[in-house]
Amino acid sequence: MSALPAKALQGAWVNGEAQSTVSVLERGLHYGDGLFETIACLAEGPRFLERHLQRLKRGCEQLGFGPLELPQLAEEVRSAATGQRAVLKLLVTRGIARARGYAPSGQEVATRVLLRYGWPHEDAALAQGGVRIAISGVRLGENPALAGLKHCNRLEQVLARRALCDPHITEALMFSSSGALISGTMTNVFLVRDGRLLTPRLDRCGVAGIMRAVVLSLAVAGGIPAEEAVLDARDLDAAQELFLTNALLGIRPVGELPGRALPVGPLTRTLQSYLAPLLAAAPGAAHA
């Protein structure tokens, strides 16, 4: 691969060395045989780094990669952050193919790719008034063997994002092939009904997001009834509040679904207030 042209790209490292190319035999390129993490960095350092690394470790174990050197990865991430407000993308793949074909030989050595991007522009009003979202016509395939993993096979999300033509619509909710509500294209989804916080179970497909886990733990600590459940379109229709989460946005309220306005309700505001100190905290304090 040639040097990356992304305008916001500030730095690139492969296996700890400053460079922006990988082998043409990289299994992550051929098969999506890898995992990735998107890490928000403040001036104090990477946010929720331990959670990101532990999820990456679990994913590597599930896919049968070699053991990760977590202290080395943590040091590389902290070094790339360099005290700037930035976004880091950390990819770990099975490595360079030793033979042609899907089956790994077992002799591969994992490849680490780390990219640093500038912090994206934020519209503060959206965190207060909420965003407009769509319902995607692209369905997520169900595969329990990959459920929860943030793996590099993202073609369903690519198709869903490609279909979003209205610049005022920032996200699209996605259902599985059996009709279960799963997530947004790049977010996890929560809904509120009768004072209870509900989020889709991710045992068939979807990404178990870092911010999703943080919000669930904050809800439990705050005495808010919270549940992972099998949800469908009827649950979405019955939602009294709706919000999205990811590692960069924190909590983003939804103000409008197709044909329906939603208030930004009190439980969403409460959770935003619980989360705010963690989003601004030094990394050592941000491991809720």
# chains A, B, ... in the order shown; residues from 1 in each chain; ligands from 1
>>> residues_around(residues="stretch 94-111 of chain A", least_positions_apart="4", cutoff="6 Å", atoms="only C-alpha atoms", output="list of chain:residue names")
A:Leu25, A:Glu26, A:Arg27, A:Phe65
>>> select_by_dssp(residues="stretch 1-149 of chain A", states="alpha helix (DSSP H)", output="number ranges by chain")
A: 27-31, 49-63, 70-81, 124-129
>>> residues_around(residues="A:Pro67", least_positions_apart="3", cutoff="10 Å", atoms="only C-alpha atoms", output="list in words")
Lys57, Cys60, Glu61, Gly64, Leu70, Val109 and Ala110 of chain A
>>> closest_atom_pairs(of="stretch 185-231 of chain A", to="stretch 262-269 of chain A", cutoff="9 Å", atoms="only C-alpha atoms", output="CSV")
residue,atom,partner,partner_atom,distance
A:Val192,CA,A:Leu267,CA,7.6
A:Gly195,CA,A:Leu267,CA,7.5
A:Arg196,CA,A:Leu267,CA,8.8
A:Leu197,CA,A:Leu267,CA,8.3
A:Ile224,CA,A:Leu267,CA,8.6
>>> residues_around(residues="A:Glu17", least_positions_apart="6", cutoff="10 Å", atoms="only C-alpha atoms", output="list in words")
Glu76, Arg112, Val113 and Leu114 of chain A
>>> write_last_selection(atoms="C-alpha atoms", output="PDB file, in the first residue's frame")
ATOM      1  CA  GLU A  76       3.460   2.830  21.671  1.00  0.00           C
ATOM      2  CA  ARG A 112       0.715  -3.639  14.585  1.00  0.00           C
ATOM      3  CA  VAL A 113      -0.411  -0.505  12.757  1.00  0.00           C
ATOM      4  CA  LEU A 114      -0.944   2.745  14.628  1.00  0.00           C
TER       5      LEU A 114
END
>>> select_by_dssp(residues="stretch 33-65 of chain A", states="strand (DSSP E or B)", output="list of chain:residue names")
A:Gly34, A:Leu35, A:Phe36, A:Glu37, A:Thr38, A:Ile39, A:Ala40, A:Cys41, A:Leu42, A:Gly45, A:Pro46
>>> write_last_selection(atoms="N, CA and C atoms", output="PDB file, in the first residue's frame")
ATOM      1  N   GLY A  34      -8.106  -9.221  11.112  1.00  0.00           N
ATOM      2  CA  GLY A  34      -7.521  -8.358  12.124  1.00  0.00           C
ATOM      3  C   GLY A  34      -8.583  -7.684  12.960  1.00  0.00           C
ATOM      4  N   LEU A  35      -8.123  -6.893  13.904  1.00  0.00           N
ATOM      5  CA  LEU A  35      -8.971  -6.164  14.839  1.00  0.00           C
ATOM      6  C   LEU A  35      -8.465  -4.732  14.932  1.00  0.00           C
ATOM      7  N   PHE A  36      -9.334  -3.841  15.403  1.00  0.00           N
ATOM      8  CA  PHE A  36      -8.862  -2.470  15.574  1.00  0.00           C
ATOM      9  C   PHE A  36      -9.555  -1.801  16.746  1.00  0.00           C
ATOM     10  N   GLU A  37      -8.922  -0.744  17.226  1.00  0.00           N
ATOM     11  CA  GLU A  37      -9.442   0.087  18.300  1.00  0.00           C
ATOM     12  C   GLU A  37      -9.330   1.542  17.874  1.00  0.00           C
ATOM     13  N   THR A  38     -10.348   2.322  18.193  1.00  0.00           N
ATOM     14  CA  THR A  38     -10.317   3.766  17.962  1.00  0.00           C
ATOM     15  C   THR A  38     -10.257   4.433  19.326  1.00  0.00           C
ATOM     16  N   ILE A  39      -9.163   5.141  19.600  1.00  0.00           N
ATOM     17  CA  ILE A  39      -8.865   5.626  20.939  1.00  0.00           C
ATOM     18  C   ILE A  39      -8.842   7.148  20.947  1.00  0.00           C
ATOM     19  N   ALA A  40      -9.642   7.741  21.806  1.00  0.00           N
ATOM     20  CA  ALA A  40      -9.641   9.194  21.973  1.00  0.00           C
ATOM     21  C   ALA A  40      -8.480   9.596  22.872  1.00  0.00           C
ATOM     22  N   CYS A  41      -7.755  10.624  22.463  1.00  0.00           N
ATOM     23  CA  CYS A  41      -6.624  11.112  23.247  1.00  0.00           C
ATOM     24  C   CYS A  41      -6.840  12.567  23.619  1.00  0.00           C
ATOM     25  N   LEU A  42      -6.633  12.882  24.888  1.00  0.00           N
ATOM     26  CA  LEU A  42      -6.665  14.246  25.383  1.00  0.00           C
ATOM     27  C   LEU A  42      -5.234  14.702  25.632  1.00  0.00           C
ATOM     28  N   GLY A  45      -3.452  12.279  27.786  1.00  0.00           N
ATOM     29  CA  GLY A  45      -3.113  10.965  27.275  1.00  0.00           C
ATOM     30  C   GLY A  45      -4.325  10.218  26.766  1.00  0.00           C
ATOM     31  N   PRO A  46      -4.149   8.932  26.394  1.00  0.00           N
ATOM     32  CA  PRO A  46      -5.247   8.135  25.828  1.00  0.00           C
ATOM     33  C   PRO A  46      -6.342   7.875  26.863  1.00  0.00           C
TER      34      PRO A  46
END
>>> closest_residue(among="A:Val22, A:Val77, A:Leu173, A:Ala221", to="A:Leu115", atoms="only C-alpha atoms")
A:Val77
>>> atom_distance(atom1="atom CA of A:Val87", atom2="atom CA of A:Pro120")
8.3 Å
>>> closest_residue(among="A:Val138, A:Leu126, A:Leu73, A:Ala8", to="A:Leu49", atoms="only C-alpha atoms")
A:Leu73
>>> closest_residue(among="A:Arg212, A:His52, A:Arg201, A:Arg252", to="A:Ala229", atoms="only C-alpha atoms")
A:Arg201
>>> residues_around(residues="stretch 246-250 of chain A", least_positions_apart="4", cutoff="10 Å", atoms="only C-alpha atoms", output="VMD selection string")
chain A and resid 37 to 41 47 to 48 52 86 to 87 119 to 120 122 127 184 186 to 189 209 to 212 214 to 215 272 275 to 276 278 to 279
>>> closest_residue(among="A:Ala163, A:Ser177, A:Arg154, A:Val230", to="A:Arg139", atoms="only C-alpha atoms")
A:Ser177
